[in-house]
file upload02.txt (compact mmCIF, C-alpha atoms)
# COMPACT_ATOMS: atom_id res chain seq x y z
CA MET A 1 213.85 105.23 68.97
CA LEU A 2 212.00 107.13 66.24
CA ALA A 3 214.72 109.81 66.28
CA GLY A 4 217.43 107.16 66.18
CA GLY A 5 215.70 105.57 63.20
CA VAL A 6 215.60 108.95 61.44
CA MET A 7 219.36 109.39 62.03
CA ALA A 8 220.08 105.88 60.73
CA GLY A 9 217.93 106.54 57.68
CA VAL A 10 219.54 109.91 56.92
CA PHE A 11 223.10 108.59 57.30
CA GLY A 12 222.39 105.44 55.32
CA SER A 13 220.69 107.32 52.53
CA LEU A 14 223.42 109.98 52.24
CA LEU A 15 226.17 107.37 52.08
CA GLY A 16 224.27 104.86 49.94
CA LEU A 17 224.40 102.13 52.56
CA GLY A 18 220.79 101.66 53.55
CA GLY A 19 219.85 101.96 57.18
CA GLY A 20 220.54 98.36 58.21
CA ILE A 21 224.16 98.84 59.10
CA LEU A 22 223.25 101.43 61.77
CA ILE A 23 219.97 100.03 63.09
CA VAL A 24 221.46 96.96 64.75
CA PRO A 25 224.08 98.95 66.74
CA LEU A 26 221.45 101.59 67.56
CA LEU A 27 219.11 98.99 69.05
CA THR A 28 221.74 96.87 70.80
CA ILE A 29 224.11 99.54 72.15
CA GLY A 30 221.56 102.37 72.39
CA PHE A 31 218.56 100.48 73.75
CA GLY A 32 220.00 97.24 75.11
CA LEU A 33 218.05 94.92 72.83
CA PRO A 34 219.37 91.39 72.25
CA LEU A 35 221.30 91.30 68.99
CA ARG A 36 219.04 88.72 67.34
CA GLU A 37 215.96 90.83 68.05
CA ALA A 38 217.73 93.91 66.65
CA VAL A 39 218.52 91.97 63.46
CA GLY A 40 214.84 90.98 63.08
CA VAL A 41 213.72 94.62 63.43
CA SER A 42 216.47 95.76 61.06
CA LEU A 43 215.23 93.33 58.39
CA ILE A 44 211.76 94.92 58.58
CA CYS A 45 213.35 98.38 58.23
CA VAL A 46 215.40 97.48 55.16
CA ILE A 47 212.32 96.02 53.41
CA VAL A 48 210.38 99.25 54.06
CA THR A 49 213.15 101.57 52.85
CA SER A 50 213.93 99.51 49.76
CA GLY A 51 210.26 99.18 48.70
CA ALA A 52 209.53 102.76 47.69
CA ALA A 53 213.00 103.29 46.17
CA ALA A 54 212.73 100.08 44.13
CA GLY A 55 209.42 101.31 42.70
CA VAL A 56 211.08 104.52 41.52
CA TYR A 57 214.04 102.62 40.01
CA LEU A 58 211.68 100.31 38.11
CA GLU A 59 209.60 103.16 36.72
CA ARG A 60 212.75 104.90 35.52
CA HIS A 61 213.89 101.60 33.93
CA VAL A 62 217.14 101.63 35.93
CA ALA A 63 216.56 98.37 37.80
CA ASN A 64 216.63 95.13 35.78
CA LEU A 65 213.55 93.19 36.95
CA ARG A 66 214.43 89.90 35.21
CA LEU A 67 218.01 89.90 36.52
CA GLY A 68 216.83 90.93 39.99
CA MET A 69 214.26 88.15 40.17
CA THR A 70 216.70 85.53 38.90
CA LEU A 71 219.33 86.48 41.47
CA GLU A 72 216.87 86.95 44.33
CA LEU A 73 215.93 83.31 43.99
CA PHE A 74 219.47 82.62 45.23
CA THR A 75 219.60 85.44 47.80
CA ALA A 76 216.33 84.06 49.22
CA ILE A 77 217.86 80.57 49.48
CA GLY A 78 220.86 82.12 51.27
CA ALA A 79 218.58 84.12 53.55
CA LEU A 80 216.59 81.01 54.44
CA ILE A 81 219.83 79.24 55.40
CA GLY A 82 221.13 82.33 57.24
CA GLY A 83 217.86 82.82 59.12
CA LEU A 84 218.01 79.28 60.45
CA VAL A 85 221.73 79.49 61.26
CA ALA A 86 221.19 82.79 63.13
CA PHE A 87 219.20 80.94 65.79
CA LEU A 88 221.98 78.37 66.22
CA LEU A 89 224.80 80.89 66.73
CA SER A 90 225.49 82.59 70.04
CA GLU A 91 224.97 86.36 70.39
CA GLN A 92 228.74 86.71 70.85
CA ILE A 93 229.51 85.16 67.48
CA LEU A 94 226.85 87.29 65.79
CA ALA A 95 228.27 90.42 67.43
CA ALA A 96 231.77 89.49 66.30
CA LEU A 97 230.54 88.94 62.72
CA PHE A 98 228.77 92.28 62.80
CA SER A 99 231.95 93.99 64.04
CA VAL A 100 233.96 92.46 61.19
CA MET A 101 231.42 93.83 58.71
CA LEU A 102 231.58 97.30 60.31
CA VAL A 103 235.39 97.31 60.12
CA TYR A 104 235.22 96.26 56.47
CA VAL A 105 232.84 99.12 55.64
CA ALA A 106 234.96 101.63 57.62
CA VAL A 107 238.16 100.53 55.84
CA SER A 108 236.43 100.75 52.46
CA MET A 109 235.42 104.33 53.27
CA ILE A 110 238.90 105.32 54.44
CA ARG A 111 240.25 104.03 51.14
CA GLY A 112 237.95 106.53 49.48
CA ARG A 113 235.41 104.22 47.95
CA ASP A 114 231.86 103.41 48.80
CA PRO A 115 231.88 99.84 50.07
CA GLU A 116 229.40 98.91 47.37
CA VAL A 117 231.14 100.81 44.66
CA ASP A 118 234.20 100.15 42.59
CA ASP A 119 235.70 101.25 39.33
CA ASP A 120 233.48 102.15 36.43
CA ALA A 121 234.87 99.39 34.31
CA ALA A 122 232.88 96.21 34.67
CA ALA A 123 234.48 92.87 33.85
CA THR A 124 234.83 92.44 30.13
CA GLU A 125 234.18 88.79 29.56
CA PRO A 126 232.22 88.02 26.42
CA PRO A 127 228.50 87.48 26.92
CA ALA A 128 227.54 83.87 27.43
CA VAL A 129 224.31 82.10 26.60
CA GLN A 130 222.28 81.78 29.80
CA PRO A 131 220.68 78.47 30.73
CA PHE A 132 216.94 77.80 30.38
CA GLY A 133 216.58 80.53 27.77
CA LEU A 134 216.90 83.30 30.35
CA THR A 135 217.39 86.70 28.77
CA LEU A 136 218.80 88.99 31.42
CA ASP A 137 220.60 91.60 29.32
CA GLY A 138 219.60 95.24 29.59
CA PRO A 139 219.89 98.18 27.23
CA GLY A 140 223.58 98.62 26.36
CA TYR A 141 224.98 95.76 28.44
CA ALA A 142 225.17 91.97 28.34
CA VAL A 143 224.93 89.91 31.51
CA HIS A 144 227.31 86.99 31.97
CA GLY A 145 228.70 84.84 34.78
CA LEU A 146 225.27 83.78 36.05
CA GLY A 147 226.73 80.81 37.94
CA ARG A 148 229.17 82.96 39.92
CA GLY A 149 226.46 85.56 40.39
CA ALA A 150 224.20 82.90 41.88
CA ILE A 151 226.92 81.78 44.33
CA GLY A 152 227.60 85.39 45.35
CA SER A 153 223.87 85.94 45.79
CA ILE A 154 223.56 82.98 48.15
CA GLY A 155 226.40 84.51 50.19
CA ALA A 156 224.66 87.90 50.19
CA GLY A 157 221.47 86.26 51.43
CA VAL A 158 223.26 84.50 54.29
CA VAL A 159 224.99 87.74 55.38
CA SER A 160 221.73 89.70 55.14
CA ALA A 161 219.90 87.19 57.35
CA LEU A 162 222.68 86.97 59.95
CA LEU A 163 223.35 90.70 60.26
CA GLY A 164 220.03 92.35 59.33
CA ILE A 165 221.38 94.28 56.35
CA GLY A 166 220.23 94.56 52.75
CA GLY A 167 223.26 92.70 51.41
CA GLY A 168 224.20 95.34 48.81
CA LEU A 169 227.78 95.16 50.11
CA ILE A 170 228.05 91.83 48.27
CA LYS A 171 225.36 91.99 45.59
CA VAL A 172 226.49 95.22 43.93
CA PRO A 173 230.15 94.19 43.43
CA VAL A 174 229.06 90.72 42.24
CA MET A 175 226.68 92.14 39.65
CA HIS A 176 229.04 94.91 38.57
CA LEU A 177 232.41 93.18 38.54
CA VAL A 178 231.46 89.56 37.91
CA MET A 179 228.35 89.85 35.77
CA GLY A 180 229.17 92.99 33.78
CA VAL A 181 226.17 95.01 34.96
CA PRO A 182 226.64 98.83 34.97
CA LEU A 183 227.05 100.20 38.49
CA ARG A 184 223.88 102.29 38.47
CA VAL A 185 221.82 99.31 37.31
CA ALA A 186 223.53 97.00 39.82
CA THR A 187 222.74 99.36 42.71
CA ALA A 188 219.10 99.77 41.64
CA THR A 189 218.65 96.02 41.02
CA SER A 190 220.24 95.22 44.39
CA ASN A 191 217.72 97.56 46.01
CA LEU A 192 214.86 95.76 44.26
CA MET A 193 216.15 92.39 45.53
CA ILE A 194 216.26 93.46 49.19
CA GLY A 195 212.52 92.91 49.64
CA ILE A 196 212.45 89.18 48.88
CA THR A 197 215.90 88.56 50.39
CA ALA A 198 214.97 90.11 53.73
CA THR A 199 211.47 88.61 53.71
CA ALA A 200 212.83 85.05 53.43
CA SER A 201 214.70 85.45 56.73
CA ALA A 202 212.32 87.94 58.41
CA ILE A 203 209.62 85.23 58.27
CA ILE A 204 211.88 83.01 60.38
CA TYR A 205 212.58 85.81 62.86
CA LEU A 206 208.85 86.66 63.03
CA LEU A 207 207.60 83.12 63.61
CA ARG A 208 210.33 82.40 66.15
CA GLY A 209 209.53 85.48 68.24
CA GLY A 210 212.50 87.52 67.01
CA ILE A 211 210.55 90.65 66.03
CA ASP A 212 209.17 93.07 68.61
CA PRO A 213 206.33 95.17 67.11
CA PHE A 214 206.78 97.98 69.68
CA VAL A 215 210.39 98.38 68.56
CA ALA A 216 209.87 97.67 64.85
CA GLY A 217 207.08 100.28 64.42
CA PRO A 218 208.89 103.44 65.57
CA THR A 219 212.23 102.32 64.14
CA ALA A 220 210.85 101.51 60.68
CA ILE A 221 208.97 104.80 60.47
CA GLY A 222 212.06 106.69 61.62
CA VAL A 223 214.31 104.99 59.07
CA PHE A 224 211.75 105.58 56.30
CA LEU A 225 211.47 109.29 57.14
CA GLY A 226 215.24 109.58 57.48
CA ALA A 227 215.90 107.90 54.14
CA THR A 228 213.38 110.19 52.44
CA LEU A 229 214.95 113.26 54.08
CA GLY A 230 218.47 112.07 53.22
CA SER A 231 217.71 111.53 49.54
CA ARG A 232 216.31 115.08 49.31
CA THR A 233 219.21 116.81 51.09
CA ALA A 234 222.16 114.80 49.74
CA HIS A 235 223.14 117.52 47.25
CA ARG A 236 223.44 120.16 50.01
CA ILE A 237 225.81 118.25 52.28
CA ASP A 238 229.60 117.88 52.10
CA LEU A 239 229.89 114.11 51.89
CA ARG A 240 233.65 114.15 52.74
CA VAL A 241 232.93 115.47 56.23
CA LEU A 242 230.06 113.03 56.61
CA ARG A 243 232.32 110.16 55.54
CA ILE A 244 234.91 110.99 58.22
CA LEU A 245 232.20 111.23 60.86
CA PHE A 246 230.70 107.96 59.67
CA VAL A 247 234.05 106.14 59.78
CA ALA A 248 234.49 107.35 63.36
CA VAL A 249 230.99 106.14 64.29
CA LEU A 250 231.54 102.76 62.62
CA SER A 251 234.93 102.27 64.31
CA TRP A 252 233.54 103.10 67.74
CA THR A 253 230.52 100.86 67.13
CA ALA A 254 232.72 97.94 66.02
CA PHE A 255 234.90 98.36 69.12
CA GLU A 256 231.86 98.57 71.39
CA MET A 257 230.23 95.47 69.90
CA ILE A 258 233.41 93.43 70.24
CA ARG A 259 233.86 94.66 73.81
CA ARG A 260 230.31 93.65 74.71
CA ALA A 261 230.69 90.26 73.00
CA LEU A 262 233.85 89.58 75.03
CA THR A 263 232.30 90.88 78.26
CA THR A 264 229.21 88.70 77.82
CA ALA A 265 231.31 85.67 76.93
CA ALA A 266 233.55 86.09 79.98
CA MET B 1 200.84 103.73 21.48
CA ARG B 2 200.76 100.72 23.82
CA ALA B 3 203.80 100.13 26.07
CA PRO B 4 205.70 96.86 25.45
CA PRO B 5 204.65 94.06 27.85
CA ALA B 6 207.91 94.20 29.87
CA ALA B 7 207.64 97.95 30.46
CA ASP B 8 203.97 97.59 31.32
CA LEU B 9 204.75 94.87 33.87
CA GLU B 10 207.52 96.98 35.42
CA ARG B 11 205.15 99.90 35.77
CA ARG B 12 202.53 97.76 37.50
CA VAL B 13 205.12 96.19 39.80
CA ALA B 14 206.48 99.66 40.66
CA ARG B 15 202.98 100.87 41.54
CA LEU B 16 202.37 97.80 43.71
CA LEU B 17 205.66 98.35 45.58
CA ARG B 18 204.81 101.98 46.27
CA VAL B 19 201.24 101.28 47.37
CA GLY B 20 202.37 98.36 49.55
CA THR B 21 205.11 100.42 51.19
CA TYR B 22 202.86 103.40 51.92
CA ALA B 23 200.09 101.14 53.23
CA SER B 24 202.61 99.45 55.55
CA ILE B 25 203.91 102.81 56.77
CA ALA B 26 200.34 104.04 57.37
CA LEU B 27 199.54 100.97 59.50
CA LEU B 28 202.81 101.22 61.45
CA ALA B 29 202.18 104.95 61.99
CA ALA B 30 198.70 104.17 63.32
CA GLY B 31 200.26 101.64 65.69
CA VAL B 32 202.93 104.07 66.89
CA THR B 33 200.29 106.76 67.41
CA GLY B 34 198.29 104.23 69.45
CA MET B 35 201.39 103.42 71.50
CA ALA B 36 201.92 107.11 72.26
CA ALA B 37 198.25 107.58 73.15
CA ALA B 38 198.32 104.55 75.48
CA GLY B 39 201.63 105.62 77.06
CA ARG B 40 203.38 102.44 75.86
CA SER B 41 207.16 102.48 75.62
CA PRO B 42 208.93 100.64 72.78
CA LEU B 43 210.74 98.71 75.51
CA ASP B 44 207.52 97.42 77.11
CA PRO B 45 207.02 93.66 76.75
CA ALA B 46 205.28 92.92 73.46
CA PRO B 47 202.87 90.08 72.66
CA ARG B 48 204.14 87.33 70.37
CA PHE B 49 202.92 87.25 66.79
CA ASP B 50 199.51 85.57 66.60
CA PRO B 51 197.66 86.18 63.31
CA ALA B 52 194.36 85.01 64.82
CA ARG B 53 194.45 87.87 67.36
CA ILE B 54 195.02 90.67 64.84
CA PRO B 55 191.32 91.25 63.91
CA ALA B 56 190.31 91.48 67.60
CA ASP B 57 193.23 93.84 68.34
CA LEU B 58 192.26 96.02 65.38
CA GLY B 59 188.63 96.05 66.48
CA ALA B 60 189.67 97.15 69.97
CA LEU B 61 192.08 99.75 68.45
CA ARG B 62 195.00 98.16 70.30
CA PRO B 63 198.35 99.39 68.88
CA GLU B 64 199.77 95.89 68.53
CA GLY B 65 197.02 95.03 66.02
CA PHE B 66 198.09 97.85 63.70
CA LEU B 67 201.78 97.14 64.22
CA TRP B 68 201.49 93.42 63.47
CA LEU B 69 199.31 94.07 60.42
CA GLY B 70 201.84 96.71 59.25
CA ILE B 71 204.67 94.20 59.66
CA VAL B 72 202.67 91.58 57.73
CA PHE B 73 202.10 94.16 54.95
CA VAL B 74 205.82 94.97 54.90
CA MET B 75 206.69 91.30 54.42
CA ALA B 76 203.82 90.54 52.02
CA THR B 77 204.58 93.37 49.59
CA PRO B 78 207.71 91.80 48.01
CA SER B 79 205.91 88.45 47.67
CA ALA B 80 202.91 90.20 46.07
CA ARG B 81 205.38 91.74 43.62
CA VAL B 82 206.57 88.24 42.68
CA VAL B 83 202.96 87.01 42.28
CA MET B 84 202.21 89.97 39.99
CA SER B 85 205.35 89.24 37.97
CA LEU B 86 204.39 85.57 37.76
CA ILE B 87 201.01 86.49 36.27
CA GLY B 88 202.68 88.90 33.84
CA TYR B 89 205.23 86.31 32.70
CA LEU B 90 202.50 83.68 32.33
CA ARG B 91 200.56 86.03 30.05
CA GLU B 92 203.70 86.75 28.03
CA GLY B 93 204.37 83.03 27.73
CA ASP B 94 207.83 83.54 29.30
CA ARG B 95 208.43 80.05 30.65
CA ALA B 96 211.88 80.66 32.15
CA MET B 97 210.77 83.65 34.25
CA THR B 98 207.54 81.87 35.20
CA VAL B 99 209.65 79.04 36.65
CA VAL B 100 211.92 81.55 38.44
CA SER B 101 208.86 83.30 39.97
CA VAL B 102 207.36 80.01 41.15
CA LEU B 103 210.67 78.95 42.69
CA ILE B 104 210.99 82.26 44.58
CA LEU B 105 207.52 81.78 46.03
CA ALA B 106 208.43 78.20 46.90
CA VAL B 107 211.49 79.41 48.86
CA ILE B 108 209.31 81.92 50.73
CA GLY B 109 206.85 79.10 51.51
CA LEU B 110 209.74 76.94 52.63
CA SER B 111 210.83 79.73 55.02
CA VAL B 112 207.42 79.57 56.71
CA VAL B 113 207.61 75.79 57.02
CA ALA B 114 211.23 75.87 58.22
CA ALA B 115 210.44 78.57 60.82
CA MET B 116 207.49 76.59 62.18
CA TRP B 117 209.43 73.33 62.15
CA SER B 118 212.60 74.73 63.73
CA GLY B 119 210.69 76.75 66.31
CA ALA B 120 208.53 73.85 67.43
call {"tool": "encode", "arguments": {"input": "upload02.txt", "output": "structure tokens"}}
result
Amino acid sequence: MLAGGVMAGVFGSLLGLGGGILIVPLLTIGFGLPLREAVGVSLICVIVTSGAAAGVYLERHVANLRLGMTLELFTAIGALIGGLVAFLLSEQILAALFSVMLVYVAVSMIRGRDPEVDDDAAATEPPAVQPFGLTLDGPGYAVHGLGRGAIGSIGAGVVSALLGIGGGLIKVPVMHLVMGVPLRVATATSNLMIGITATASAIIYLLRGGIDPFVAGPTAIGVFLGATLGSRTAHRIDLRVLRILFVAVLSWTAFEMIRRALTTAA
Amino acid sequence: MRAPPAADLERRVARLLRVGTYASIALLAAGVTGMAAAGRSPLDPAPRFDPARIPADLGALRPEGFLWLGIVFVMATPSARVVMSLIGYLREGDRAMTVVSVLILAVIGLSVVAAMWSGA
């Protein structure tokens, strides 16, 4: 489990995805854990891996703390809703949703883009005055579209809570394309927001018996070590080869999760 | 020269995040080491979360005590970051961000209530 966590951390870090997307399949397919329990453990792992990185981003003034806190209010609301909904849905539906997300990420990679990443050009709407006197702009950019950003953030929170991921798949494009935040800042700010987003739903998983400490401990340490290792070796690895391998792993995982969902439902 | 208040707050928050993360990892590592020493498998049945039992488990050096406390640290670190920001924004007289910080903490509190209510 520790070794699996290291692999998930290395892969996630090298491809900028975070470990969440691999932890749930690792625990369900690899170790036979119920999907909901795997999601609870995954939430703990994504908080751990985002914490240290967010600290670095803040010290380097890449992450926008004010923007991150404003949006995480909405991701937390979404995560609260998602955490409650997760206990109402069947494991089959959750597995199907997870498979859809895996296919989306795999297709994004085949098309040659990181799923979180798009063109350099952010939307070019003129800056708008934010409500309540909020000043969210950063050096060299103006933030706009707070209303749409808030809606997108609620969606990111729901997805994070249901699937045990950080939610960067939604948050980064929303901040970059809708709110005019530079990509680097959007990625760093998204990372900062993971902590509160995942905590809002992890509390529900914890208090409803959805987190196993014997699984969470080794997995979280493995993912943390893997993410640290991945960030230090990224420049030595041919990411094109890694991408192809990753697409293959994601496709197989999506197929396997759908197959299991159908088998269990039958 | 003194750093501007915003930069100073970001530095303090960054330090808190790093310390919180490393403290969590240290506790989880102690728990995993205890599991290995006791021959416990990750797939063994685990006790449910009971905060009242953590001190006794820690005192008896049971791995679950360290693991549960590590998990609590993991989940408390982001909230502590919001509390620190709240204090910073209060000192700066930034009313809008003070309200945002309070609302975030309220949502986290609501999660606890909702989990207890829905799990009852």
call {"tool": "closest_residue", "arguments": {"input": "upload02.txt", "among": "B:Pro55, B:Pro78, B:Pro45, B:Gly88", "to": "chain A", "atoms": "only C-alpha atoms"}}
result
B:Pro78
call {"tool": "atom_distance", "arguments": {"input": "upload02.txt", "atom1": "atom CA of A:Val107", "atom2": "atom CA of A:Val24"}}
result
19.3 Å
call {"tool": "residues_around", "arguments": {"input": "upload02.txt", "residues": "stretch 207-215 of chain A", "least_positions_apart": "2", "cutoff": "6 Å", "atoms": "all atoms listed in the file", "output": "number ranges by chain"}}
result
A: 37, 40-41, 204-205, 217; B: 42, 67, 119
call {"tool": "closest_residue", "arguments": {"input": "upload02.txt", "among": "B:Leu90, B:Ala38, B:Met84, B:Ala76", "to": "chain A", "atoms": "only C-alpha atoms"}}
result
B:Ala76
call {"tool": "interface_residues", "arguments": {"input": "upload02.txt", "of": "chain B", "to": "chain A", "cutoff": "8 Å", "atoms": "all atoms listed in the file", "output": "number ranges by chain"}}
result
B: 10-11, 13-18, 20-22, 24-25, 28-29, 31-32, 35, 41-44, 46, 48-49, 64, 67-68, 71, 74-75, 77-79, 96-97, 100-101, 103-104, 107-108, 111-112, 114-116, 118-119
call {"tool": "write_last_selection", "arguments": {"input": "upload02.txt", "atoms": "C-alpha atoms", "output": "compact mmCIF listing (two decimals), keeping the file's coordinate frame"}}
result
# COMPACT_ATOMS: atom_id res chain seq x y z
CA GLU B 10 207.52 96.98 35.42
CA ARG B 11 205.15 99.90 35.77
CA VAL B 13 205.12 96.19 39.80
CA ALA B 14 206.48 99.66 40.66
CA ARG B 15 202.98 100.87 41.54
CA LEU B 16 202.37 97.80 43.71
CA LEU B 17 205.66 98.35 45.58
CA ARG B 18 204.81 101.98 46.27
CA GLY B 20 202.37 98.36 49.55
CA THR B 21 205.11 100.42 51.19
CA TYR B 22 202.86 103.40 51.92
CA SER B 24 202.61 99.45 55.55
CA ILE B 25 203.91 102.81 56.77
CA LEU B 28 202.81 101.22 61.45
CA ALA B 29 202.18 104.95 61.99
CA GLY B 31 200.26 101.64 65.69
CA VAL B 32 202.93 104.07 66.89
CA MET B 35 201.39 103.42 71.50
CA SER B 41 207.16 102.48 75.62
CA PRO B 42 208.93 100.64 72.78
CA LEU B 43 210.74 98.71 75.51
CA ASP B 44 207.52 97.42 77.11
CA ALA B 46 205.28 92.92 73.46
CA ARG B 48 204.14 87.33 70.37
CA PHE B 49 202.92 87.25 66.79
CA GLU B 64 199.77 95.89 68.53
CA LEU B 67 201.78 97.14 64.22
CA TRP B 68 201.49 93.42 63.47
CA ILE B 71 204.67 94.20 59.66
CA VAL B 74 205.82 94.97 54.90
CA MET B 75 206.69 91.30 54.42
CA THR B 77 204.58 93.37 49.59
CA PRO B 78 207.71 91.80 48.01
CA SER B 79 205.91 88.45 47.67
CA ALA B 96 211.88 80.66 32.15
CA MET B 97 210.77 83.65 34.25
CA VAL B 100 211.92 81.55 38.44
CA SER B 101 208.86 83.30 39.97
CA LEU B 103 210.67 78.95 42.69
CA ILE B 104 210.99 82.26 44.58
CA VAL B 107 211.49 79.41 48.86
CA ILE B 108 209.31 81.92 50.73
CA SER B 111 210.83 79.73 55.02
CA VAL B 112 207.42 79.57 56.71
CA ALA B 114 211.23 75.87 58.22
CA ALA B 115 210.44 78.57 60.82
CA MET B 116 207.49 76.59 62.18
CA SER B 118 212.60 74.73 63.73
CA GLY B 119 210.69 76.75 66.31
call {"tool": "closest_residue", "arguments": {"input": "upload02.txt", "among": "B:Asp8, B:Arg62, B:Gly70, B:Gly93", "to": "B:Pro47", "atoms": "only C-alpha atoms"}}
result
B:Arg62
call {"tool": "atom_distance", "arguments": {"input": "upload02.txt", "atom1": "atom CA of A:Glu256", "atom2": "atom CA of A:Gly78"}}
result
28.2 Å
call {"tool": "atom_distance", "arguments": {"input": "upload02.txt", "atom1": "atom CA of B:Arg95", "atom2": "atom CA of B:Val113"}}
result
26.7 Å
call {"tool": "build_atoms", "arguments": {"input": "upload02.txt", "residues": "stretch 35-46 of chain B", "atoms": "N, CA and C atoms", "output": "compact mmCIF listing (two decimals), in the frame of the given file"}}
result
# COMPACT_ATOMS: atom_id res chain seq x y z
N MET B 35 200.44 103.63 70.39
CA MET B 35 201.39 103.42 71.50
C MET B 35 201.56 104.70 72.30
N ALA B 36 201.73 105.81 71.58
CA ALA B 36 201.92 107.11 72.26
C ALA B 36 200.68 107.46 73.07
N ALA B 37 199.50 107.23 72.47
CA ALA B 37 198.25 107.58 73.15
C ALA B 37 198.06 106.72 74.41
N ALA B 38 198.51 105.46 74.34
CA ALA B 38 198.32 104.55 75.48
C ALA B 38 199.49 104.62 76.46
N GLY B 39 200.47 105.48 76.17
CA GLY B 39 201.63 105.62 77.06
C GLY B 39 202.53 104.39 77.05
N ARG B 40 202.54 103.63 75.94
CA ARG B 40 203.38 102.44 75.86
C ARG B 40 204.78 102.82 75.40
N SER B 41 205.77 102.26 76.04
CA SER B 41 207.16 102.48 75.62
C SER B 41 207.56 101.39 74.64
N PRO B 42 208.46 101.70 73.69
CA PRO B 42 208.93 100.64 72.78
C PRO B 42 209.60 99.49 73.53
N LEU B 43 210.04 99.75 74.76
CA LEU B 43 210.74 98.71 75.51
C LEU B 43 209.80 97.90 76.41
N ASP B 44 208.50 98.23 76.37
CA ASP B 44 207.52 97.42 77.11
C ASP B 44 207.47 96.02 76.49
N PRO B 45 207.14 95.01 77.32
CA PRO B 45 207.02 93.66 76.75
C PRO B 45 205.92 93.61 75.69
N ALA B 46 206.25 92.97 74.57
CA ALA B 46 205.28 92.92 73.46
C ALA B 46 204.71 91.51 73.34
